Each structure stands twice: as structure tokens, then as C-alpha cells.
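Everything below belongs to structure.cif, which stores mmCIF, C-alpha atoms and all ligand atoms.
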data_query
loop_
_atom_site.group_PDB
_atom_site.id
_atom_site.type_symbol
_atom_site.label_atom_id
_atom_site.label_comp_id
_atom_site.auth_asym_id
_atom_site.auth_seq_id
_atom_site.Cartn_x
_atom_site.Cartn_y
_atom_site.Cartn_z
ATOM 1 C CA MET A 35 13.140 -20.840 -3.937
ATOM 2 C CA THR A 36 15.518 -18.885 -6.153
ATOM 3 C CA PRO A 37 13.539 -16.172 -7.956
ATOM 4 C CA PRO A 38 13.992 -15.977 -11.725
ATOM 5 C CA ARG A 39 16.119 -13.100 -12.925
ATOM 6 C CA GLN A 40 14.035 -10.177 -14.166
ATOM 7 C CA GLU A 41 15.087 -10.640 -17.777
ATOM 8 C CA GLU A 42 13.755 -14.222 -17.603
ATOM 9 C CA VAL A 43 10.250 -13.038 -16.736
ATOM 10 C CA PRO A 44 8.694 -11.197 -19.683
ATOM 11 C CA TRP A 45 5.832 -9.687 -17.651
ATOM 12 C CA ALA A 46 8.310 -8.307 -15.135
ATOM 13 C CA ARG A 47 9.650 -5.777 -17.596
ATOM 14 C CA PRO A 48 8.363 -2.244 -16.920
ATOM 15 C CA SER A 49 8.082 -1.658 -20.658
ATOM 16 C CA CYS A 50 5.345 -4.308 -20.838
ATOM 17 C CA SER A 51 2.931 -2.084 -18.975
ATOM 18 C CA SER A 52 1.988 0.108 -21.893
ATOM 19 C CA ARG A 53 0.772 -2.774 -24.015
ATOM 20 C CA LEU A 54 -1.053 -4.842 -21.452
ATOM 21 C CA PRO A 55 -4.778 -4.405 -20.919
ATOM 22 C CA ARG A 56 -6.327 -4.216 -17.482
ATOM 23 C CA GLU A 57 -9.573 -5.845 -16.572
ATOM 24 C CA ARG A 58 -9.271 -7.495 -13.187
ATOM 25 C CA GLY A 59 -6.728 -6.880 -10.483
ATOM 26 C CA GLY A 60 -4.080 -5.261 -12.649
ATOM 27 C CA ALA A 61 -3.817 -1.499 -12.581
ATOM 28 C CA VAL A 62 -2.469 -0.993 -16.062
ATOM 29 C CA GLY A 63 -4.600 1.457 -17.961
ATOM 30 C CA LEU A 64 -3.001 4.122 -20.088
ATOM 31 C CA GLY A 65 0.495 2.803 -19.525
ATOM 32 C CA MET A 66 1.237 3.943 -16.024
ATOM 33 C CA VAL A 67 0.575 2.181 -12.760
ATOM 34 C CA LEU A 68 -0.095 3.214 -9.178
ATOM 35 C CA VAL A 69 0.213 0.474 -6.571
ATOM 36 C CA VAL A 70 -0.585 0.798 -2.873
ATOM 37 C CA VAL A 71 0.895 -1.986 -0.741
ATOM 38 C CA MET A 72 -1.369 -2.092 2.298
ATOM 39 C CA GLY A 73 -1.975 -3.955 5.539
ATOM 40 C CA VAL A 74 -1.520 -3.804 9.263
ATOM 41 C CA SER A 75 1.660 -2.642 10.933
ATOM 42 C CA GLY A 76 4.433 -5.173 10.357
ATOM 43 C CA ALA A 77 2.693 -6.788 7.372
ATOM 44 C CA GLY A 78 5.770 -5.991 5.274
ATOM 45 C CA LYS A 79 4.537 -2.930 3.338
ATOM 46 C CA THR A 80 7.842 -1.062 3.401
ATOM 47 C CA THR A 81 9.929 -4.159 2.732
ATOM 48 C CA VAL A 82 7.745 -5.421 -0.130
ATOM 49 C CA GLY A 83 6.881 -2.010 -1.599
ATOM 50 C CA SER A 84 10.463 -0.797 -1.746
ATOM 51 C CA ARG A 85 11.684 -4.099 -3.224
ATOM 52 C CA LEU A 86 8.938 -4.036 -5.882
ATOM 53 C CA ALA A 87 9.666 -0.436 -6.827
ATOM 54 C CA ALA A 88 13.420 -1.025 -6.986
ATOM 55 C CA LYS A 89 12.961 -4.103 -9.159
ATOM 56 C CA LEU A 90 10.716 -2.266 -11.611
ATOM 57 C CA GLY A 91 12.612 1.024 -11.484
ATOM 58 C CA TRP A 92 9.495 2.817 -10.238
ATOM 59 C CA LYS A 93 9.192 5.565 -7.636
ATOM 60 C CA PHE A 94 8.632 4.478 -4.053
ATOM 61 C CA TYR A 95 6.881 6.364 -1.270
ATOM 62 C CA ASP A 96 6.530 5.257 2.334
ATOM 63 C CA ALA A 97 3.454 6.715 4.015
ATOM 64 C CA ASP A 98 5.266 6.580 7.349
ATOM 65 C CA ASP A 99 7.458 9.449 6.077
ATOM 66 C CA TYR A 100 4.397 11.695 5.762
ATOM 67 C CA HIS A 101 2.950 11.424 9.271
ATOM 68 C CA SER A 102 2.833 14.589 11.355
ATOM 69 C CA PRO A 103 5.129 14.632 14.401
ATOM 70 C CA GLU A 104 1.943 14.487 16.513
ATOM 71 C CA ASN A 105 0.810 11.279 14.815
ATOM 72 C CA LYS A 106 4.227 9.668 15.245
ATOM 73 C CA LYS A 107 4.350 10.694 18.898
ATOM 74 C CA LYS A 108 0.899 9.252 19.464
ATOM 75 C CA MET A 109 1.796 5.895 17.919
ATOM 76 C CA ALA A 110 5.133 5.767 19.739
ATOM 77 C CA GLU A 111 3.181 6.220 22.983
ATOM 78 C CA GLY A 112 1.060 3.200 22.085
ATOM 79 C CA ILE A 113 -2.079 5.173 21.191
ATOM 80 C CA ALA A 114 -3.818 4.116 17.994
ATOM 81 C CA LEU A 115 -4.559 6.794 15.423
ATOM 82 C CA ASN A 116 -8.184 7.662 14.721
ATOM 83 C CA ASP A 117 -9.961 8.920 11.588
ATOM 84 C CA GLU A 118 -9.246 12.535 12.475
ATOM 85 C CA ASP A 119 -5.515 11.790 12.705
ATOM 86 C CA ARG A 120 -5.408 9.809 9.515
ATOM 87 C CA ILE A 121 -7.582 11.824 7.128
ATOM 88 C CA PRO A 122 -5.203 14.778 6.495
ATOM 89 C CA TRP A 123 -2.350 12.290 6.112
ATOM 90 C CA LEU A 124 -4.329 10.261 3.548
ATOM 91 C CA CYS A 125 -5.305 13.433 1.639
ATOM 92 C CA ALA A 126 -1.612 14.390 1.405
ATOM 93 C CA LEU A 127 -0.805 10.895 0.123
ATOM 94 C CA HIS A 128 -3.586 11.180 -2.455
ATOM 95 C CA ASP A 129 -2.008 14.438 -3.659
ATOM 96 C CA ILE A 130 1.322 12.653 -4.137
ATOM 97 C CA LEU A 131 -0.318 9.866 -6.128
ATOM 98 C CA ARG A 132 -2.232 12.370 -8.239
ATOM 99 C CA ARG A 133 0.968 14.282 -8.983
ATOM 100 C CA GLU A 134 2.640 11.060 -10.121
ATOM 101 C CA HIS A 135 -0.406 10.210 -12.224
ATOM 102 C CA LEU A 136 -0.308 13.625 -13.902
ATOM 103 C CA SER A 137 3.382 13.238 -14.699
ATOM 104 C CA ARG A 138 2.716 9.690 -15.909
ATOM 105 C CA GLN A 139 5.090 8.215 -13.381
ATOM 106 C CA ASP A 140 4.627 4.622 -12.201
ATOM 107 C CA ALA A 141 4.757 4.545 -8.427
ATOM 108 C CA VAL A 142 4.435 2.298 -5.393
ATOM 109 C CA LEU A 143 3.144 3.588 -2.057
ATOM 110 C CA ALA A 144 3.452 1.608 1.184
ATOM 111 C CA CYS A 145 0.467 2.653 3.296
ATOM 112 C CA SER A 146 -1.664 0.867 5.887
ATOM 113 C CA ALA A 147 -4.926 2.001 4.180
ATOM 114 C CA LEU A 148 -6.802 -0.066 6.738
ATOM 115 C CA LYS A 149 -10.376 1.052 6.088
ATOM 116 C CA LYS A 150 -12.380 1.157 2.893
ATOM 117 C CA MET A 151 -12.940 4.872 3.461
ATOM 118 C CA TYR A 152 -9.167 5.427 3.710
ATOM 119 C CA ARG A 153 -8.683 3.710 0.372
ATOM 120 C CA HIS A 154 -11.424 5.896 -1.095
ATOM 121 C CA ILE A 155 -9.478 8.931 0.045
ATOM 122 C CA LEU A 156 -6.316 7.632 -1.636
ATOM 123 C CA VAL A 157 -8.332 7.140 -4.832
ATOM 124 C CA SER A 158 -10.414 10.333 -4.807
ATOM 125 C CA GLY A 159 -8.885 12.697 -2.258
ATOM 126 C CA ALA A 160 -11.011 14.865 -0.021
ATOM 127 C CA SER A 161 -14.019 14.399 -2.327
ATOM 128 C CA ALA A 162 -14.291 10.843 -0.913
ATOM 129 C CA ILE A 163 -15.365 12.289 2.424
ATOM 130 C CA GLU A 164 -17.486 15.001 0.895
ATOM 131 C CA SER A 165 -19.544 12.535 -1.122
ATOM 132 C CA SER A 166 -22.499 13.121 1.202
ATOM 133 C CA HIS A 167 -22.801 16.430 -0.672
ATOM 134 C CA PRO A 168 -23.391 15.166 -4.210
ATOM 135 C CA GLU A 169 -24.147 18.679 -5.426
ATOM 136 C CA GLN A 170 -20.476 19.523 -5.008
ATOM 137 C CA PRO A 171 -18.644 18.981 -8.300
ATOM 138 C CA ARG A 172 -15.786 16.487 -8.217
ATOM 139 C CA GLU A 173 -12.616 18.381 -8.984
ATOM 140 C CA ASN A 174 -10.649 15.412 -10.237
ATOM 141 C CA PRO A 175 -11.467 11.980 -11.594
ATOM 142 C CA ALA A 176 -10.703 8.998 -9.358
ATOM 143 C CA LEU A 177 -7.222 7.561 -9.615
ATOM 144 C CA GLN A 178 -6.778 4.026 -10.870
ATOM 145 C CA ILE A 179 -4.913 2.317 -8.025
ATOM 146 C CA LEU A 180 -4.139 -1.352 -7.479
ATOM 147 C CA PHE A 181 -4.383 -2.148 -3.756
ATOM 148 C CA VAL A 182 -2.178 -5.065 -2.718
ATOM 149 C CA HIS A 183 -3.232 -6.379 0.658
ATOM 150 C CA LEU A 184 -0.461 -8.209 2.515
ATOM 151 C CA ASP A 185 -2.484 -10.660 4.539
ATOM 152 C CA GLY A 186 -1.341 -13.031 7.240
ATOM 153 C CA SER A 187 -1.684 -14.260 10.775
ATOM 154 C CA VAL A 188 -1.304 -12.180 13.912
ATOM 155 C CA ASP A 189 1.283 -14.689 15.122
ATOM 156 C CA THR A 190 3.544 -14.320 12.099
ATOM 157 C CA ILE A 191 3.361 -10.529 12.189
ATOM 158 C CA ALA A 192 3.826 -10.310 15.949
ATOM 159 C CA GLY A 193 6.891 -12.525 15.614
ATOM 160 C CA ARG A 194 8.363 -10.213 12.986
ATOM 161 C CA LEU A 195 7.555 -7.080 14.984
ATOM 162 C CA GLU A 196 9.244 -8.508 18.058
ATOM 163 C CA LYS A 197 12.454 -8.825 16.048
ATOM 164 C CA ARG A 198 12.187 -5.435 14.312
ATOM 165 C CA ARG A 199 14.355 -2.697 15.772
ATOM 166 C CA GLY A 200 14.407 1.084 15.500
ATOM 167 C CA HIS A 201 10.782 1.653 14.465
ATOM 168 C CA PHE A 202 8.378 4.059 16.174
ATOM 169 C CA MET A 203 5.405 1.699 15.949
ATOM 170 C CA PRO A 204 5.166 -0.515 19.062
ATOM 171 C CA PRO A 205 4.031 -4.165 18.659
ATOM 172 C CA GLU A 206 1.289 -3.494 21.258
ATOM 173 C CA LEU A 207 -0.692 -1.605 18.609
ATOM 174 C CA LEU A 208 -1.010 -4.666 16.400
ATOM 175 C CA LYS A 209 -4.353 -5.712 17.893
ATOM 176 C CA SER A 210 -5.912 -2.312 17.210
ATOM 177 C CA GLN A 211 -4.574 -2.500 13.647
ATOM 178 C CA PHE A 212 -6.422 -5.798 13.110
ATOM 179 C CA ASP A 213 -9.527 -4.373 14.796
ATOM 180 C CA THR A 214 -9.504 -1.438 12.375
ATOM 181 C CA LEU A 215 -8.691 -3.437 9.248
ATOM 182 C CA GLU A 216 -11.404 -3.749 6.611
ATOM 183 C CA PRO A 217 -9.796 -6.126 4.113
ATOM 184 C CA PRO A 218 -10.288 -4.947 0.523
ATOM 185 C CA ARG A 219 -12.749 -6.913 -1.573
ATOM 186 C CA THR A 220 -14.095 -6.670 -5.108
ATOM 187 C CA PRO A 221 -15.319 -4.242 -6.515
ATOM 188 C CA GLU A 222 -12.284 -2.487 -5.063
ATOM 189 C CA ASN A 223 -9.349 -2.920 -7.443
ATOM 190 C CA CYS A 224 -7.350 -5.215 -5.210
ATOM 191 C CA ILE A 225 -5.414 -8.402 -4.769
ATOM 192 C CA THR A 226 -4.515 -10.261 -1.597
ATOM 193 C CA VAL A 227 -1.061 -11.754 -1.194
ATOM 194 C CA SER A 228 0.022 -13.979 1.670
ATOM 195 C CA LEU A 229 2.738 -12.335 3.725
ATOM 196 C CA GLU A 230 3.752 -15.778 4.933
ATOM 197 C CA LYS A 231 5.564 -16.311 1.613
ATOM 198 C CA SER A 232 9.169 -15.333 1.033
ATOM 199 C CA LEU A 233 9.886 -11.777 -0.056
ATOM 200 C CA PRO A 234 10.858 -12.734 -3.648
ATOM 201 C CA GLU A 235 7.674 -14.794 -3.973
ATOM 202 C CA VAL A 236 5.496 -11.945 -2.716
ATOM 203 C CA VAL A 237 7.094 -9.478 -5.111
ATOM 204 C CA LEU A 238 6.766 -11.866 -8.038
ATOM 205 C CA GLU A 239 3.076 -12.435 -7.304
ATOM 206 C CA ILE A 240 2.432 -8.692 -7.308
ATOM 207 C CA GLU A 241 4.322 -8.236 -10.573
ATOM 208 C CA HIS A 242 2.236 -10.989 -12.099
ATOM 209 C CA ALA A 243 -0.989 -9.244 -11.018
ATOM 210 C CA ILE A 244 0.208 -5.912 -12.369
ATOM 211 C CA PHE A 245 1.277 -7.135 -15.757
ATOM 212 C CA SER A 246 -1.069 -10.034 -16.391
ATOM 213 C CA GLY A 247 -4.200 -8.521 -14.866
HETATM 214 N N1 LIG B 301 7.951 -11.875 3.345
HETATM 215 C C1 LIG B 301 8.665 -11.666 4.452
HETATM 216 N N2 LIG B 301 9.326 -12.695 5.035
HETATM 217 C C2 LIG B 301 10.020 -12.518 6.190
HETATM 218 N N3 LIG B 301 10.137 -11.331 6.826
HETATM 219 C C3 LIG B 301 9.499 -10.269 6.289
HETATM 220 C C4 LIG B 301 8.740 -10.379 5.080
HETATM 221 N N4 LIG B 301 8.216 -9.170 4.805
HETATM 222 C C5 LIG B 301 8.638 -8.343 5.784
HETATM 223 N N5 LIG B 301 9.401 -8.996 6.675
HETATM 224 C C6 LIG B 301 9.994 -8.445 7.907
HETATM 225 O O1 LIG B 301 8.901 -8.086 8.745
HETATM 226 C C7 LIG B 301 9.198 -6.877 9.448
HETATM 227 C C8 LIG B 301 8.087 -5.866 9.182
HETATM 228 O O2 LIG B 301 8.202 -5.437 7.833
HETATM 229 P P1 LIG B 301 7.961 -3.909 7.442
HETATM 230 O O3 LIG B 301 8.676 -3.003 8.383
HETATM 231 O O4 LIG B 301 8.266 -3.799 5.986
HETATM 232 O O5 LIG B 301 6.392 -3.820 7.704
HETATM 233 P P2 LIG B 301 5.413 -2.580 7.523
HETATM 234 O O6 LIG B 301 4.099 -3.140 7.106
HETATM 235 O O7 LIG B 301 6.030 -1.556 6.648
HETATM 236 O O8 LIG B 301 5.316 -2.055 9.004
HETATM 237 P P3 LIG B 301 4.826 -0.607 9.560
HETATM 238 O O9 LIG B 301 3.457 -0.387 9.042
HETATM 239 O O10 LIG B 301 4.817 -0.800 11.054
HETATM 240 O O11 LIG B 301 5.804 0.402 9.083
HETATM 241 C C9 LIG B 301 10.574 -6.406 8.980
HETATM 242 O O12 LIG B 301 11.532 -6.763 9.949
HETATM 243 C C10 LIG B 301 10.784 -7.156 7.670
HETATM 244 O O13 LIG B 301 12.151 -7.422 7.447
HETATM 245 O O1 LIG B 302 -2.514 3.283 11.929
HETATM 246 C C1 LIG B 302 -2.181 3.341 10.764
HETATM 247 O O2 LIG B 302 -2.877 3.782 9.850
HETATM 248 C C2 LIG B 302 -0.830 2.749 10.466
HETATM 249 O O3 LIG B 302 -0.322 2.258 11.622
HETATM 250 C C3 LIG B 302 0.093 3.745 9.932
HETATM 251 O O4 LIG B 302 -0.384 4.955 10.360
HETATM 252 C C4 LIG B 302 1.522 3.620 10.355
HETATM 253 O O5 LIG B 302 2.230 4.520 9.600
HETATM 254 C C5 LIG B 302 2.216 2.336 10.230
HETATM 255 O O6 LIG B 302 1.459 1.219 10.017
HETATM 256 C C6 LIG B 302 3.120 2.156 11.408
HETATM 257 O O7 LIG B 302 4.381 2.074 11.000
#

Encoded form using C-alpha cells:
Amino acid sequence: MTPPRQEEVPWARPSCSSRLPRERGGAVGLGMVLVVVMGVSGAGKTTVGSRLAAKLGWKFYDADDYHSPENKKKMAEGIALNDEDRIPWLCALHDILRREHLSRQDAVLACSALKKMYRHILVSGASAIESSHPEQPRENPALQILFVHLDGSVDTIAGRLEKRRGHFMPPELLKSQFDTLEPPRTPENCITVSLEKSLPEVVLEIEHAIFSG
């Protein structure tokens, strides 16, 4: 399918965001948007997230660029990360999103965000893990983030990973990624998009969710 040109799709214009309300799914609030494209390794987060950001003229961050050398080494050796490995990484990613929020910059982050608790950290930072101490004041309000889950079959993803070259993440870790995944569900602010669709279709579906709510 040939995707419509951006100027042919009114809701695909970045300038629409400031006048569109958000109720369900869409992340448009006070005129700026934070989107996290999430899913297991090989789901297409980098491919989809970077294409979406480029199309909208928004900033793009790839969570892979923020892993410690130790984390990357671990994954390259075929060892799955655990909570302890991921939490500081997620807190750093939260800080990036908060900075963009404060400067009113629309942004897309590609990040696995496999567990509900990980998504809470992206939304609220370290306070998400300290919530067992309610007496502690929350330093910052939660960020409004739209989580876009790229969902699809193990077979499709494994097939794509087999063909992918030059990436530190080995296909053998795919099973552990699925084992860890807690798919986002309402009341999380999320949509699910099939990764089996073509790249232009996936991007268009996300744009529709962002701008139409
Ligand atoms: N909709 C799509 N149709 C066909 N191929 C796709 C699609 N989306 C992504 N791919 C391909 O699938 C492979 C995995 O995509 P990508 O590297 O973006 O995944 P990822 O979720 O960022 O992976 P990781 O978490 O391991 O970094 C790439 O080779 C990419 O070109
Ligand atoms: O285990 C995870 O949370 C994910 O695997 C990420 O850490 C990786 O960055 C990515 O998915 C691999 O490229």
C-alpha cells in the first residue's frame, strides 16, 4: 500500500497537536507529546520510532544508546538483563523524557519497557520504585506518555532477527524477552499495533492514535 503523503493527512501535521484533546490512547495534553515505542527485541522499536519521529519532525531517542557497557556486554553474551540492570537505565531515560517535557519538546523514545514497573519508572522516575514509602513526597508529577506496544508473533520477530546484522542483541534472547513481557493494558495510556503490518502502515496507525485520541 502506498502511504498518503503527509500533507494529505490532516492529523499527521505536528501543528495539529496543540488543538487536539486527549481522552483515550492519544498523549496530547498541553500541546506536546511523549511517545514510547515498546516491545521485545526485534519488534521494530528503532525502525518505527525513528521513522515516526522523522516524519513528524520530533526528537528521537533510542534507549539502546543509553545502556551501560556492562549491560551491553551482558546481552551480547546472551545473558538477559534483570531488574537491577534495567532500573538505573530506565531512571536515566525518565530524566531525558522529563527534560523534553520541561522544554516542551515532542519526543519519541524506542525502549523495550517490558514490565509494567519499567513503564512506571519511565512515567514517574525513581519515585515509582519508592512508592512503598508513601510518606516520601513525590518530587515531580507523572509524565503523560503514550506507550505504543509493537505486538506480533515470535516467528515473525525471530525471522527478522535472523536477518538483522551488526546488532549486539542475539536472537537467542528473544524467548526471555517474551517471558519478561507484561503487555500494557488500560488504565495504562497505551495502544497496541501489529508489527506484522508494513512500516508505513504502522507509523500511520500511531499518528492516528496520537492526533485523533
Ligand atoms: N514493519 C516491519 N516490516 C518489516 N520489517 C521490519 C518492520 N519493522 C522492523 N522491521 C525489521 O525488523 C528488524 C528489527 O527491527 P528493529 O531493529 O527496529 O527492532 P528493535 O525492536 O529496535 O530491536 P532491539 O530491541 O533488539 O534493538 C530490522 O531488521 C527491521 O528492519
Ligand atoms: O532487555 C531489555 O530490556 C531490552 O532487551 C533492551 O534492554 C535492549 O536494549 C534491546 O531490546 C536490545 O536491543

At a cut-off of 9 Å and counting only C-alpha atoms and all ligand atoms, what residues surround ligand LIG 301 (chain B)? Please answer as an MDAnalysis selection string.
chainID A and resid 71:84 96:98 144:146 184 190:191 193:199 201:205 208 228:237

Store the residues of this selection in a file with C-alpha atoms, as a PDB file, in the frame of the given file.
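result-v1.pdb, freshly written:
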ATOM      1  CA  VAL A  71       0.895  -1.986  -0.741  1.00  0.00           C
ATOM      2  CA  MET A  72      -1.369  -2.092   2.298  1.00  0.00           C
ATOM      3  CA  GLY A  73      -1.975  -3.955   5.539  1.00  0.00           C
ATOM      4  CA  VAL A  74      -1.520  -3.804   9.263  1.00  0.00           C
ATOM      5  CA  SER A  75       1.660  -2.642  10.933  1.00  0.00           C
ATOM      6  CA  GLY A  76       4.433  -5.173  10.357  1.00  0.00           C
ATOM      7  CA  ALA A  77       2.693  -6.788   7.372  1.00  0.00           C
ATOM      8  CA  GLY A  78       5.770  -5.991   5.274  1.00  0.00           C
ATOM      9  CA  LYS A  79       4.537  -2.930   3.338  1.00  0.00           C
ATOM     10  CA  THR A  80       7.842  -1.062   3.401  1.00  0.00           C
ATOM     11  CA  THR A  81       9.929  -4.159   2.732  1.00  0.00           C
ATOM     12  CA  VAL A  82       7.745  -5.421  -0.130  1.00  0.00           C
ATOM     13  CA  GLY A  83       6.881  -2.010  -1.599  1.00  0.00           C
ATOM     14  CA  SER A  84      10.463  -0.797  -1.746  1.00  0.00           C
ATOM     15  CA  ASP A  96       6.530   5.257   2.334  1.00  0.00           C
ATOM     16  CA  ALA A  97       3.454   6.715   4.015  1.00  0.00           C
ATOM     17  CA  ASP A  98       5.266   6.580   7.349  1.00  0.00           C
ATOM     18  CA  ALA A 144       3.452   1.608   1.184  1.00  0.00           C
ATOM     19  CA  CYS A 145       0.467   2.653   3.296  1.00  0.00           C
ATOM     20  CA  SER A 146      -1.664   0.867   5.887  1.00  0.00           C
ATOM     21  CA  LEU A 184      -0.461  -8.209   2.515  1.00  0.00           C
ATOM     22  CA  THR A 190       3.544 -14.320  12.099  1.00  0.00           C
ATOM     23  CA  ILE A 191       3.361 -10.529  12.189  1.00  0.00           C
ATOM     24  CA  GLY A 193       6.891 -12.525  15.614  1.00  0.00           C
ATOM     25  CA  ARG A 194       8.363 -10.213  12.986  1.00  0.00           C
ATOM     26  CA  LEU A 195       7.555  -7.080  14.984  1.00  0.00           C
ATOM     27  CA  GLU A 196       9.244  -8.508  18.058  1.00  0.00           C
ATOM     28  CA  LYS A 197      12.454  -8.825  16.048  1.00  0.00           C
ATOM     29  CA  ARG A 198      12.187  -5.435  14.312  1.00  0.00           C
ATOM     30  CA  ARG A 199      14.355  -2.697  15.772  1.00  0.00           C
ATOM     31  CA  HIS A 201      10.782   1.653  14.465  1.00  0.00           C
ATOM     32  CA  PHE A 202       8.378   4.059  16.174  1.00  0.00           C
ATOM     33  CA  MET A 203       5.405   1.699  15.949  1.00  0.00           C
ATOM     34  CA  PRO A 204       5.166  -0.515  19.062  1.00  0.00           C
ATOM     35  CA  PRO A 205       4.031  -4.165  18.659  1.00  0.00           C
ATOM     36  CA  LEU A 208      -1.010  -4.666  16.400  1.00  0.00           C
ATOM     37  CA  SER A 228       0.022 -13.979   1.670  1.00  0.00           C
ATOM     38  CA  LEU A 229       2.738 -12.335   3.725  1.00  0.00           C
ATOM     39  CA  GLU A 230       3.752 -15.778   4.933  1.00  0.00           C
ATOM     40  CA  LYS A 231       5.564 -16.311   1.613  1.00  0.00           C
ATOM     41  CA  SER A 232       9.169 -15.333   1.033  1.00  0.00           C
ATOM     42  CA  LEU A 233       9.886 -11.777  -0.056  1.00  0.00           C
ATOM     43  CA  PRO A 234      10.858 -12.734  -3.648  1.00  0.00           C
ATOM     44  CA  GLU A 235       7.674 -14.794  -3.973  1.00  0.00           C
ATOM     45  CA  VAL A 236       5.496 -11.945  -2.716  1.00  0.00           C
ATOM     46  CA  VAL A 237       7.094  -9.478  -5.111  1.00  0.00           C
TER      47      VAL A 237
END

Produce the centre coordinates and the three edge lengths, each in Å to one decimal, of the box along x, y and z that contains all listed atoms of ligand LIG 302 (chain B) with 8 Å added on each side, as JSON.
{"center_x": 0.8, "center_y": 3.1, "center_z": 10.8, "size_x": 23.3, "size_y": 19.7, "size_z": 18.3}

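In this structure, CA of Phe94 in chain A sits 23.2 Å away from CA of Leu215 in chain A.
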
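CA of Val182 in chain A lies 16.3 Å from CA of His128 in chain A.
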
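Reported to one decimal place, the separation of CA of Pro218 in chain A from CA of Val142 in chain A is 17.4 Å.
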
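Considering the residues A:Ser137, A:Val67, A:His183, A:Pro175 and counting all atoms listed in the file, Lys149 in chain A has its shortest atom-to-atom contact with A:His183.
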
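Closest approach to ligand LIG 302 (chain B) among A:Glu164, A:Leu207, A:Pro221, A:Val69 is made by A:Leu207 (distances from only C-alpha atoms and all ligand atoms).
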
Across A:Glu134, A:Asp129, A:Asp119, A:Asp140, the smallest distance to Ser102 in chain A, with all atoms listed in the file counted, is shown by A:Asp119

Keeping N, CA and C atoms (and nothing else), can you write range 102-124 of chain A of this structure as a compact mmCIF listing (two decimals), in the first residue's frame?
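File written: part_18.txt
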# COMPACT_ATOMS: atom_id res chain seq x y z
N SER A 102 24.59 0.86 29.86
CA SER A 102 25.98 0.84 30.33
C SER A 102 26.75 -0.18 29.49
N PRO A 103 28.07 -0.04 29.41
CA PRO A 103 28.87 -1.06 28.71
C PRO A 103 28.65 -2.44 29.33
N GLU A 104 28.44 -2.48 30.65
CA GLU A 104 28.22 -3.78 31.32
C GLU A 104 26.92 -4.43 30.81
N ASN A 105 25.88 -3.63 30.71
CA ASN A 105 24.61 -4.17 30.21
C ASN A 105 24.76 -4.69 28.78
N LYS A 106 25.44 -3.91 27.95
CA LYS A 106 25.59 -4.33 26.54
C LYS A 106 26.41 -5.62 26.45
N LYS A 107 27.45 -5.69 27.30
CA LYS A 107 28.30 -6.89 27.29
C LYS A 107 27.46 -8.11 27.70
N LYS A 108 26.67 -7.90 28.73
CA LYS A 108 25.83 -8.99 29.24
C LYS A 108 24.90 -9.52 28.13
N MET A 109 24.21 -8.59 27.47
CA MET A 109 23.28 -9.01 26.42
C MET A 109 24.03 -9.68 25.27
N ALA A 110 25.17 -9.11 24.90
CA ALA A 110 25.94 -9.68 23.79
C ALA A 110 26.40 -11.10 24.12
N GLU A 111 26.55 -11.37 25.42
CA GLU A 111 26.96 -12.73 25.83
C GLU A 111 25.75 -13.66 25.97
N GLY A 112 24.58 -13.14 25.65
CA GLY A 112 23.37 -13.98 25.68
C GLY A 112 22.75 -14.09 27.05
N ILE A 113 23.11 -13.15 27.96
CA ILE A 113 22.52 -13.17 29.31
C ILE A 113 21.47 -12.06 29.39
N ALA A 114 20.27 -12.46 29.79
CA ALA A 114 19.18 -11.47 29.87
C ALA A 114 19.44 -10.49 31.02
N LEU A 115 19.04 -9.26 30.81
CA LEU A 115 19.15 -8.26 31.88
C LEU A 115 18.11 -8.57 32.95
N ASN A 116 18.41 -8.14 34.18
CA ASN A 116 17.42 -8.28 35.26
C ASN A 116 17.00 -6.88 35.73
N ASP A 117 16.12 -6.84 36.74
CA ASP A 117 15.61 -5.55 37.22
C ASP A 117 16.76 -4.63 37.65
N GLU A 118 17.72 -5.21 38.35
CA GLU A 118 18.84 -4.41 38.86
C GLU A 118 19.62 -3.75 37.71
N ASP A 119 19.75 -4.47 36.61
CA ASP A 119 20.45 -3.91 35.44
C ASP A 119 19.63 -2.82 34.77
N ARG A 120 18.33 -3.04 34.77
CA ARG A 120 17.49 -2.13 33.97
C ARG A 120 17.08 -0.87 34.71
N ILE A 121 16.96 -0.94 36.04
CA ILE A 121 16.37 0.21 36.75
C ILE A 121 17.17 1.51 36.59
N PRO A 122 18.50 1.51 36.75
CA PRO A 122 19.22 2.78 36.56
C PRO A 122 19.10 3.31 35.13
N TRP A 123 19.06 2.38 34.19
CA TRP A 123 18.90 2.73 32.77
C TRP A 123 17.53 3.41 32.54
N LEU A 124 16.49 2.82 33.14
CA LEU A 124 15.14 3.39 32.98
C LEU A 124 15.03 4.75 33.67
